[in-house]
$ cat input.pdb   # PDB, C-alpha atoms, pLDDT in the B column
MODEL        1
ATOM      1  CA  MET A 734     121.413  96.605  93.665  1.00 33.00           C
ATOM      2  CA  CYS A 735     117.643  96.267  93.664  1.00 36.00           C
ATOM      3  CA  THR A 736     115.546  97.588  90.777  1.00 37.00           C
ATOM      4  CA  ALA A 737     111.840  98.233  90.666  1.00 39.00           C
ATOM      5  CA  PHE A 738     109.602  95.818  88.763  1.00 38.00           C
ATOM      6  CA  TYR A 739     107.051  97.892  86.893  1.00 40.00           C
ATOM      7  CA  SER A 740     106.001  98.275  83.315  1.00 46.00           C
ATOM      8  CA  ASP A 741     105.304 101.272  81.135  1.00 47.00           C
ATOM      9  CA  LYS A 742     101.754  99.957  80.743  1.00 48.00           C
ATOM     10  CA  GLN A 743     101.129 100.153  84.507  1.00 46.00           C
ATOM     11  CA  PHE A 744     102.502 103.695  84.551  1.00 49.00           C
ATOM     12  CA  PHE A 745     100.184 104.891  81.784  1.00 48.00           C
ATOM     13  CA  GLU A 746      97.146 103.090  83.219  1.00 50.00           C
ATOM     14  CA  LEU A 747      97.794 104.899  86.479  1.00 52.00           C
ATOM     15  CA  LEU A 748      97.986 108.263  84.738  1.00 53.00           C
ATOM     16  CA  THR A 749      94.767 107.431  82.903  1.00 56.00           C
ATOM     17  CA  ALA A 750      93.137 106.573  86.247  1.00 57.00           C
ATOM     18  CA  LEU A 751      94.157 110.046  87.371  1.00 65.00           C
ATOM     19  CA  GLY A 752      92.440 111.426  84.280  1.00 63.00           C
ATOM     20  CA  VAL A 753      95.474 112.614  82.333  1.00 58.00           C
ATOM     21  CA  ASP A 754      96.827 111.175  79.090  1.00 56.00           C
ATOM     22  CA  PHE A 755     100.514 111.462  78.286  1.00 53.00           C
ATOM     23  CA  CYS A 756     102.213 110.313  75.116  1.00 54.00           C
ATOM     24  CA  GLU A 757     104.435 107.279  75.727  1.00 51.00           C
ATOM     25  CA  ASN A 758     107.540 108.862  74.185  1.00 52.00           C
ATOM     26  CA  SER A 759     107.452 111.980  76.339  1.00 59.00           C
ATOM     27  CA  VAL A 760     110.776 113.170  77.775  1.00 53.00           C
ATOM     28  CA  LEU A 761     108.973 113.870  81.050  1.00 58.00           C
ATOM     29  CA  ASN A 762     107.763 110.267  81.256  1.00 68.00           C
ATOM     30  CA  SER A 763     111.208 108.783  80.611  1.00 77.00           C
ATOM     31  CA  GLN A 764     112.743 111.143  83.175  1.00 82.00           C
ATOM     32  CA  TYR A 765     110.070 110.126  85.660  1.00 80.00           C
ATOM     33  CA  GLU A 766     110.661 106.418  85.103  1.00 79.00           C
ATOM     34  CA  HIS A 767     114.411 106.845  85.517  1.00 86.00           C
ATOM     35  CA  ALA A 768     113.985 108.990  88.656  1.00 88.00           C
ATOM     36  CA  ALA A 769     111.548 106.477  90.203  1.00 82.00           C
ATOM     37  CA  GLU A 770     113.988 103.621  89.621  1.00 85.00           C
ATOM     38  CA  GLN A 771     116.837 105.704  91.033  1.00 92.00           C
ATOM     39  CA  MET A 772     114.801 106.542  94.154  1.00 88.00           C
ATOM     40  CA  PHE A 773     114.191 102.867  94.862  1.00 85.00           C
ATOM     41  CA  ASN A 774     117.916 102.198  94.397  1.00 90.00           C
ATOM     42  CA  ILE A 775     118.775 105.083  96.727  1.00 93.00           C
ATOM     43  CA  LEU A 776     116.439 103.759  99.411  1.00 88.00           C
ATOM     44  CA  VAL A 777     118.000 100.304  99.185  1.00 88.00           C
ATOM     45  CA  GLU A 778     121.541 101.689  99.289  1.00 93.00           C
ATOM     46  CA  ARG A 779     120.741 103.881 102.300  1.00 92.00           C
ATOM     47  CA  PHE A 780     119.215 100.914 104.094  1.00 90.00           C
ATOM     48  CA  GLN A 781     122.211  98.669 103.332  1.00 92.00           C
ATOM     49  CA  LYS A 782     124.912 101.118 104.456  1.00 94.00           C
ATOM     50  CA  PHE A 783     124.647 101.721 108.193  1.00 92.00           C
ATOM     51  CA  TRP A 784     126.538 105.045 108.095  1.00 94.00           C
ATOM     52  CA  PHE A 785     123.727 106.513 105.974  1.00 94.00           C
ATOM     53  CA  HIS A 786     121.269 105.781 108.797  1.00 93.00           C
ATOM     54  CA  SER A 787     122.541 108.926 110.513  1.00 94.00           C
ATOM     55  CA  PRO A 788     120.587 111.926 109.178  1.00 94.00           C
ATOM     56  CA  LEU A 789     123.625 114.176 109.674  1.00 95.00           C
ATOM     57  CA  ILE A 790     125.997 111.995 107.648  1.00 95.00           C
ATOM     58  CA  TYR A 791     123.335 111.294 105.032  1.00 95.00           C
ATOM     59  CA  SER A 792     122.589 114.993 104.576  1.00 95.00           C
ATOM     60  CA  TRP A 793     126.198 115.582 103.418  1.00 96.00           C
ATOM     61  CA  SER A 794     126.396 112.544 101.129  1.00 96.00           C
ATOM     62  CA  ARG A 795     126.329 112.352  97.340  1.00 96.00           C
ATOM     63  CA  LEU A 796     123.402 109.974  97.767  1.00 96.00           C
ATOM     64  CA  ARG A 797     121.327 112.754  99.360  1.00 96.00           C
ATOM     65  CA  LYS A 798     122.121 115.075  96.440  1.00 96.00           C
ATOM     66  CA  LYS A 799     121.048 112.356  94.020  1.00 96.00           C
ATOM     67  CA  GLN A 800     117.849 111.831  96.037  1.00 96.00           C
ATOM     68  CA  ASP A 801     117.049 115.550  95.899  1.00 96.00           C
ATOM     69  CA  GLU A 802     117.477 115.563  92.107  1.00 95.00           C
ATOM     70  CA  CYS A 803     115.178 112.546  91.733  1.00 93.00           C
ATOM     71  CA  LEU A 804     112.565 114.058  94.054  1.00 91.00           C
ATOM     72  CA  LYS A 805     112.574 117.238  91.987  1.00 92.00           C
ATOM     73  CA  ILE A 806     111.729 115.203  88.857  1.00 89.00           C
ATOM     74  CA  LEU A 807     109.083 113.124  90.658  1.00 85.00           C
ATOM     75  CA  HIS A 808     107.407 116.200  92.133  1.00 86.00           C
ATOM     76  CA  ASN A 809     107.529 117.908  88.740  1.00 85.00           C
ATOM     77  CA  MET A 810     105.573 114.986  87.241  1.00 81.00           C
ATOM     78  CA  SER A 811     102.894 115.043  89.917  1.00 80.00           C
ATOM     79  CA  GLU A 812     102.665 118.839  89.664  1.00 83.00           C
ATOM     80  CA  THR A 813     102.290 118.541  85.871  1.00 82.00           C
ATOM     81  CA  VAL A 814      99.541 115.933  86.286  1.00 78.00           C
ATOM     82  CA  LEU A 815      97.758 118.156  88.806  1.00 83.00           C
ATOM     83  CA  GLN A 816      97.976 121.344  86.737  1.00 84.00           C
ATOM     84  CA  LYS A 817      96.833 119.666  83.491  1.00 82.00           C
ATOM     85  CA  ARG A 818      93.862 118.058  85.175  1.00 82.00           C
ATOM     86  CA  LYS A 819      92.967 121.202  87.119  1.00 84.00           C
ATOM     87  CA  ALA A 820      93.020 123.293  83.933  1.00 85.00           C
ATOM     88  CA  SER A 821      90.842 120.713  82.176  1.00 82.00           C
ATOM     89  CA  TYR A 822      88.446 120.542  85.136  1.00 80.00           C
ATOM     90  CA  LEU A 823      88.077 124.338  85.310  1.00 84.00           C
ATOM     91  CA  GLU A 824      87.603 124.578  81.527  1.00 85.00           C
ATOM     92  CA  ASN A 825      84.882 121.920  81.594  1.00 80.00           C
ATOM     93  CA  LYS A 826      83.209 123.622  84.562  1.00 79.00           C
ATOM     94  CA  ARG A 827      83.293 126.979  82.763  1.00 82.00           C
ATOM     95  CA  ASN A 828      81.698 125.398  79.672  1.00 82.00           C
ATOM     96  CA  GLY A 829      79.092 123.594  81.760  1.00 75.00           C
ATOM     97  CA  LEU A 830      80.431 120.142  80.879  1.00 68.00           C
ATOM     98  CA  GLU A 831      80.879 117.179  83.186  1.00 61.00           C
ATOM     99  CA  ALA A 832      84.586 116.784  84.066  1.00 50.00           C
ATOM    100  CA  SER A 833      85.156 113.327  82.687  1.00 50.00           C
ATOM    101  CA  THR A 834      87.802 111.065  81.242  1.00 49.00           C
ATOM    102  CA  GLY A 835      85.366 109.612  78.718  1.00 54.00           C
ATOM    103  CA  THR A 836      84.380 106.689  80.904  1.00 55.00           C
ATOM    104  CA  LYS A 837      81.513 106.049  83.290  1.00 64.00           C
ATOM    105  CA  PHE A 838      83.557 106.762  86.390  1.00 67.00           C
ATOM    106  CA  LYS A 839      85.160 109.915  87.699  1.00 74.00           C
ATOM    107  CA  ALA A 840      88.909 109.874  87.947  1.00 75.00           C
ATOM    108  CA  PHE A 841      90.337 109.999  91.466  1.00 77.00           C
ATOM    109  CA  LEU A 842      92.017 113.309  90.688  1.00 80.00           C
ATOM    110  CA  ASP A 843      88.697 114.765  89.484  1.00 80.00           C
ATOM    111  CA  LEU A 844      87.119 113.873  92.814  1.00 82.00           C
ATOM    112  CA  LEU A 845      89.957 115.580  94.688  1.00 83.00           C
ATOM    113  CA  LEU A 846      89.712 118.665  92.468  1.00 85.00           C
ATOM    114  CA  GLU A 847      85.968 118.780  92.967  1.00 84.00           C
ATOM    115  CA  LEU A 848      86.434 118.715  96.740  1.00 85.00           C
ATOM    116  CA  SER A 849      89.156 121.329  96.479  1.00 86.00           C
ATOM    117  CA  ILE A 850      87.333 123.760  94.220  1.00 83.00           C
ATOM    118  CA  GLU A 851      83.758 123.297  95.433  1.00 83.00           C
ATOM    119  CA  LYS A 852      84.328 122.745  99.150  1.00 82.00           C
ATOM    120  CA  GLY A 853      87.831 124.126  99.743  1.00 81.00           C
ATOM    121  CA  ALA A 854      88.804 120.806 101.352  1.00 83.00           C
ATOM    122  CA  PHE A 855      92.325 120.540  99.854  1.00 85.00           C
ATOM    123  CA  ASN A 856      95.015 122.927  98.684  1.00 87.00           C
ATOM    124  CA  ASP A 857      97.282 122.161  95.700  1.00 85.00           C
ATOM    125  CA  LEU A 858     100.066 120.762  97.908  1.00 86.00           C
ATOM    126  CA  GLU A 859      97.698 118.292  99.581  1.00 88.00           C
ATOM    127  CA  ILE A 860      96.339 117.186  96.214  1.00 85.00           C
ATOM    128  CA  ARG A 861      99.873 116.798  94.855  1.00 84.00           C
ATOM    129  CA  GLU A 862     100.735 114.595  97.833  1.00 84.00           C
ATOM    130  CA  GLN A 863      97.726 112.410  97.012  1.00 82.00           C
ATOM    131  CA  VAL A 864      98.833 112.226  93.362  1.00 77.00           C
ATOM    132  CA  ASP A 865     102.336 111.231  94.527  1.00 77.00           C
ATOM    133  CA  THR A 866     100.801 108.517  96.689  1.00 79.00           C
ATOM    134  CA  MET A 867      98.755 107.173  93.767  1.00 76.00           C
ATOM    135  CA  ILE A 868     101.714 107.186  91.369  1.00 71.00           C
ATOM    136  CA  VAL A 869     104.128 105.547  93.813  1.00 69.00           C
ATOM    137  CA  GLY A 870     101.437 103.132  94.991  1.00 71.00           C
ATOM    138  CA  GLY A 871     100.832 102.011  91.426  1.00 68.00           C
ATOM    139  CA  HIS A 872     104.493 101.170  91.025  1.00 64.00           C
ATOM    140  CA  ASP A 873     105.212  99.879  94.497  1.00 65.00           C
ATOM    141  CA  THR A 874     102.222  97.541  94.762  1.00 72.00           C
ATOM    142  CA  SER A 875     102.959  95.859  91.439  1.00 74.00           C
ATOM    143  CA  ALA A 876     106.643  95.545  92.280  1.00 72.00           C
ATOM    144  CA  ASN A 877     105.970  94.025  95.702  1.00 77.00           C
ATOM    145  CA  VAL A 878     103.426  91.513  94.426  1.00 82.00           C
ATOM    146  CA  LEU A 879     105.767  90.385  91.670  1.00 84.00           C
ATOM    147  CA  MET A 880     108.753  90.186  94.018  1.00 84.00           C
ATOM    148  CA  PHE A 881     106.927  88.158  96.685  1.00 86.00           C
ATOM    149  CA  THR A 882     105.456  85.842  94.045  1.00 89.00           C
ATOM    150  CA  LEU A 883     108.914  85.105  92.651  1.00 89.00           C
ATOM    151  CA  VAL A 884     110.375  84.607  96.144  1.00 89.00           C
ATOM    152  CA  LEU A 885     107.610  82.150  97.058  1.00 89.00           C
ATOM    153  CA  ILE A 886     107.955  80.254  93.786  1.00 91.00           C
ATOM    154  CA  GLY A 887     111.720  80.113  94.307  1.00 90.00           C
ATOM    155  CA  SER A 888     111.225  78.742  97.833  1.00 92.00           C
ATOM    156  CA  TYR A 889     109.250  75.701  96.690  1.00 93.00           C
ATOM    157  CA  PRO A 890     110.974  73.546  94.020  1.00 92.00           C
ATOM    158  CA  GLU A 891     107.868  71.362  93.628  1.00 94.00           C
ATOM    159  CA  VAL A 892     105.821  74.434  92.709  1.00 91.00           C
ATOM    160  CA  GLN A 893     108.506  75.456  90.222  1.00 91.00           C
ATOM    161  CA  GLU A 894     108.224  72.038  88.590  1.00 93.00           C
ATOM    162  CA  ARG A 895     104.428  72.302  88.319  1.00 93.00           C
ATOM    163  CA  ILE A 896     104.725  75.773  86.797  1.00 91.00           C
ATOM    164  CA  PHE A 897     107.331  74.497  84.354  1.00 90.00           C
ATOM    165  CA  GLU A 898     105.075  71.608  83.352  1.00 92.00           C
ATOM    166  CA  GLU A 899     102.157  73.934  82.652  1.00 90.00           C
TER     167      GLU A 899
ENDMDL
END
$ encode --input "input.pdb" --output "structure tokens"
Amino acid sequence: MCTAFYSDKQFFELLTALGVDFCENSVLNSQYEHAAEQMFNILVERFQKFWFHSPLIYSWSRLRKKQDECLKILHNMSETVLQKRKASYLENKRNGLEASTGTKFKAFLDLLLELSIEKGAFNDLEIREQVDTMIVGGHDTSANVLMFTLVLIGSYPEVQERIFEE
């Protein structure tokens, strides 16, 4: 079974980039991490077992039920991120303050909220989908880079030796 290669640090940096701080020991965070790992495992298992390629058979499987549970947790996290940031953005706007994360740049989520509130460009579902993309992208990109690096190193024994010597 394949597991995702990501660290808690990457997860919290991503949330910070979205402009929301969560405590590291949060139940929501640990549920999210577990659900994300389970989703990757579900995708691998579905890919490996040809009978799950059929949408009809898959829809009646225990794997589909497990996927639905994980998606509920993942969507809850992105919805929580969105609602916290939106409340903060509206509060800052009401008080005449710049919506900021304390740094010199605007968080990606702040830019989306600004477009949504000021211009009506996005609804909450569209913003949540963007948040989902950012969260999954933060995990998936790191995992893929690490996996391909290890595969390439493992494919060239002479490179392994040079790495070992360093």
$ resolve_selection --input "input.pdb" --expression "the PyMOL selection byres ((chain A and resi 771) around 10)" --output "PyMOL selection string"
chain A and resi 735-737+765-770+772-777+799-800+802-804
$ write_last_selection --input "input.pdb" --atoms "C-alpha atoms" --output "CSV table (one decimal), in the frame of the given file"
chain,number,residue,atom,x,y,z
A,735,CYS,CA,117.6,96.3,93.7
A,736,THR,CA,115.5,97.6,90.8
A,737,ALA,CA,111.8,98.2,90.7
A,765,TYR,CA,110.1,110.1,85.7
A,766,GLU,CA,110.7,106.4,85.1
A,767,HIS,CA,114.4,106.8,85.5
A,768,ALA,CA,114.0,109.0,88.7
A,769,ALA,CA,111.5,106.5,90.2
A,770,GLU,CA,114.0,103.6,89.6
A,772,MET,CA,114.8,106.5,94.2
A,773,PHE,CA,114.2,102.9,94.9
A,774,ASN,CA,117.9,102.2,94.4
A,775,ILE,CA,118.8,105.1,96.7
A,776,LEU,CA,116.4,103.8,99.4
A,777,VAL,CA,118.0,100.3,99.2
A,799,LYS,CA,121.0,112.4,94.0
A,800,GLN,CA,117.8,111.8,96.0
A,802,GLU,CA,117.5,115.6,92.1
A,803,CYS,CA,115.2,112.5,91.7
A,804,LEU,CA,112.6,114.1,94.1
$ closest_atom_pairs --input "input.pdb" --of "segment 790-812 of chain A" --to "segment 848-860 of chain A" --cutoff "12 Å" --atoms "all atoms listed in the file" --output "tab-separated table"
residue	atom	partner	partner_atom	distance
A:His808	CA	A:Leu858	CA	10.4
A:Ser811	CA	A:Ile860	CA	9.3
A:Glu812	CA	A:Asp857	CA	8.7
$ resolve_selection --input "input.pdb" --expression "the PyMOL selection byres ((chain A and resi 864) around 10)" --output "PyMOL selection string"
chain A and resi 748+751+808+810-812+814-815+841-842+845+858-863+865-870
$ atom_distance --input "input.pdb" --atom1 "atom CA of Val884 of chain A" --atom2 "atom CA of Phe897 of chain A"
15.8 Å
$ atom_distance --input "input.pdb" --atom1 "atom CA of Thr874 of chain A" --atom2 "atom CA of Leu807 of chain A"
17.5 Å
$ closest_residue --input "input.pdb" --among "A:Glu847, A:Glu894, A:Asp801, A:Glu778" --to "Ser821 of chain A" --atoms "all atoms listed in the file"
A:Glu847
$ axis_aligned_box --input "input.pdb" --around "segment 776-787 of chain A" --padding-each-side "3 Å" --output "lines of an AutoDock Vina configuration file"
center_x = 121.5
center_y = 103.8
center_z = 104.8
size_x = 16.1
size_y = 16.3
size_z = 17.3
$ atom_distance --input "input.pdb" --atom1 "atom CA of Phe780 of chain A" --atom2 "atom CA of Arg797 of chain A"
12.9 Å
$ closest_residue --input "input.pdb" --among "A:Gln816, A:Arg779, A:Ile896, A:Lys826" --to "Tyr791 of chain A" --atoms "only C-alpha atoms"
A:Arg779
$ closest_residue --input "input.pdb" --among "A:Ser794, A:Lys839, A:Ala876, A:Leu846" --to "Arg818 of chain A" --atoms "only C-alpha atoms"
A:Leu846
$ closest_residue --input "input.pdb" --among "A:Asp843, A:Asn828, A:Gln764, A:Ala820" --to "Ile806 of chain A" --atoms "all atoms listed in the file"
A:Gln764
$ decode --input "input.pdb" --residues "segment 761-781 of chain A" --atoms "N, CA, C and O atoms" --output "PDB file, in the first residue's frame"
ATOM      1  N   LEU A 761      -9.031  18.599  14.506  1.00  0.00           N
ATOM      2  CA  LEU A 761      -9.359  18.778  13.105  1.00  0.00           C
ATOM      3  C   LEU A 761      -8.148  18.525  12.220  1.00  0.00           C
ATOM      4  O   LEU A 761      -8.250  17.873  11.183  1.00  0.00           O
ATOM      5  N   ASN A 762      -6.984  19.014  12.635  1.00  0.00           N
ATOM      6  CA  ASN A 762      -5.769  18.798  11.844  1.00  0.00           C
ATOM      7  C   ASN A 762      -5.394  17.324  11.776  1.00  0.00           C
ATOM      8  O   ASN A 762      -5.021  16.828  10.713  1.00  0.00           O
ATOM      9  N   SER A 763      -5.461  16.617  12.902  1.00  0.00           N
ATOM     10  CA  SER A 763      -5.093  15.199  12.880  1.00  0.00           C
ATOM     11  C   SER A 763      -6.104  14.399  12.065  1.00  0.00           C
ATOM     12  O   SER A 763      -5.726  13.469  11.354  1.00  0.00           O
ATOM     13  N   GLN A 764      -7.372  14.751  12.140  1.00  0.00           N
ATOM     14  CA  GLN A 764      -8.377  14.092  11.304  1.00  0.00           C
ATOM     15  C   GLN A 764      -8.101  14.358   9.834  1.00  0.00           C
ATOM     16  O   GLN A 764      -8.208  13.461   9.006  1.00  0.00           O
ATOM     17  N   TYR A 765      -7.732  15.586   9.515  1.00  0.00           N
ATOM     18  CA  TYR A 765      -7.439  15.939   8.132  1.00  0.00           C
ATOM     19  C   TYR A 765      -6.252  15.138   7.607  1.00  0.00           C
ATOM     20  O   TYR A 765      -6.302  14.579   6.515  1.00  0.00           O
ATOM     21  N   GLU A 766      -5.195  15.082   8.384  1.00  0.00           N
ATOM     22  CA  GLU A 766      -3.999  14.344   7.966  1.00  0.00           C
ATOM     23  C   GLU A 766      -4.322  12.877   7.728  1.00  0.00           C
ATOM     24  O   GLU A 766      -3.883  12.287   6.736  1.00  0.00           O
ATOM     25  N   HIS A 767      -5.086  12.287   8.634  1.00  0.00           N
ATOM     26  CA  HIS A 767      -5.464  10.880   8.488  1.00  0.00           C
ATOM     27  C   HIS A 767      -6.349  10.690   7.252  1.00  0.00           C
ATOM     28  O   HIS A 767      -6.142   9.742   6.477  1.00  0.00           O
ATOM     29  N   ALA A 768      -7.309  11.573   7.048  1.00  0.00           N
ATOM     30  CA  ALA A 768      -8.208  11.471   5.889  1.00  0.00           C
ATOM     31  C   ALA A 768      -7.446  11.655   4.581  1.00  0.00           C
ATOM     32  O   ALA A 768      -7.719  10.956   3.599  1.00  0.00           O
ATOM     33  N   ALA A 769      -6.475  12.567   4.549  1.00  0.00           N
ATOM     34  CA  ALA A 769      -5.685  12.781   3.328  1.00  0.00           C
ATOM     35  C   ALA A 769      -4.878  11.533   3.000  1.00  0.00           C
ATOM     36  O   ALA A 769      -4.832  11.095   1.842  1.00  0.00           O
ATOM     37  N   GLU A 770      -4.267  10.936   4.001  1.00  0.00           N
ATOM     38  CA  GLU A 770      -3.498   9.705   3.779  1.00  0.00           C
ATOM     39  C   GLU A 770      -4.415   8.584   3.303  1.00  0.00           C
ATOM     40  O   GLU A 770      -4.082   7.844   2.374  1.00  0.00           O
ATOM     41  N   GLN A 771      -5.590   8.475   3.928  1.00  0.00           N
ATOM     42  CA  GLN A 771      -6.544   7.444   3.523  1.00  0.00           C
ATOM     43  C   GLN A 771      -7.018   7.646   2.080  1.00  0.00           C
ATOM     44  O   GLN A 771      -7.176   6.682   1.338  1.00  0.00           O
ATOM     45  N   MET A 772      -7.222   8.894   1.677  1.00  0.00           N
ATOM     46  CA  MET A 772      -7.662   9.160   0.300  1.00  0.00           C
ATOM     47  C   MET A 772      -6.609   8.708  -0.697  1.00  0.00           C
ATOM     48  O   MET A 772      -6.940   8.114  -1.732  1.00  0.00           O
ATOM     49  N   PHE A 773      -5.357   8.980  -0.432  1.00  0.00           N
ATOM     50  CA  PHE A 773      -4.295   8.520  -1.324  1.00  0.00           C
ATOM     51  C   PHE A 773      -4.271   6.990  -1.384  1.00  0.00           C
ATOM     52  O   PHE A 773      -4.120   6.406  -2.455  1.00  0.00           O
ATOM     53  N   ASN A 774      -4.449   6.339  -0.250  1.00  0.00           N
ATOM     54  CA  ASN A 774      -4.496   4.877  -0.217  1.00  0.00           C
ATOM     55  C   ASN A 774      -5.691   4.340  -0.997  1.00  0.00           C
ATOM     56  O   ASN A 774      -5.585   3.340  -1.711  1.00  0.00           O
ATOM     57  N   ILE A 775      -6.829   5.003  -0.868  1.00  0.00           N
ATOM     58  CA  ILE A 775      -8.031   4.599  -1.601  1.00  0.00           C
ATOM     59  C   ILE A 775      -7.812   4.719  -3.100  1.00  0.00           C
ATOM     60  O   ILE A 775      -8.173   3.817  -3.871  1.00  0.00           O
ATOM     61  N   LEU A 776      -7.208   5.818  -3.524  1.00  0.00           N
ATOM     62  CA  LEU A 776      -6.948   6.007  -4.957  1.00  0.00           C
ATOM     63  C   LEU A 776      -6.027   4.914  -5.499  1.00  0.00           C
ATOM     64  O   LEU A 776      -6.257   4.380  -6.588  1.00  0.00           O
ATOM     65  N   VAL A 777      -5.007   4.577  -4.741  1.00  0.00           N
ATOM     66  CA  VAL A 777      -4.081   3.526  -5.169  1.00  0.00           C
ATOM     67  C   VAL A 777      -4.797   2.184  -5.232  1.00  0.00           C
ATOM     68  O   VAL A 777      -4.658   1.437  -6.213  1.00  0.00           O
ATOM     69  N   GLU A 778      -5.578   1.873  -4.204  1.00  0.00           N
ATOM     70  CA  GLU A 778      -6.295   0.594  -4.185  1.00  0.00           C
ATOM     71  C   GLU A 778      -7.288   0.501  -5.342  1.00  0.00           C
ATOM     72  O   GLU A 778      -7.396  -0.536  -6.001  1.00  0.00           O
ATOM     73  N   ARG A 779      -7.996   1.585  -5.617  1.00  0.00           N
ATOM     74  CA  ARG A 779      -8.952   1.570  -6.733  1.00  0.00           C
ATOM     75  C   ARG A 779      -8.219   1.377  -8.067  1.00  0.00           C
ATOM     76  O   ARG A 779      -8.690   0.663  -8.940  1.00  0.00           O
ATOM     77  N   PHE A 780      -7.093   1.994  -8.203  1.00  0.00           N
ATOM     78  CA  PHE A 780      -6.308   1.849  -9.431  1.00  0.00           C
ATOM     79  C   PHE A 780      -5.798   0.419  -9.592  1.00  0.00           C
ATOM     80  O   PHE A 780      -5.800  -0.133 -10.690  1.00  0.00           O
ATOM     81  N   GLN A 781      -5.380  -0.211  -8.504  1.00  0.00           N
ATOM     82  CA  GLN A 781      -4.780  -1.541  -8.552  1.00  0.00           C
ATOM     83  C   GLN A 781      -5.803  -2.649  -8.795  1.00  0.00           C
ATOM     84  O   GLN A 781      -5.463  -3.691  -9.354  1.00  0.00           O
TER      85      GLN A 781
END
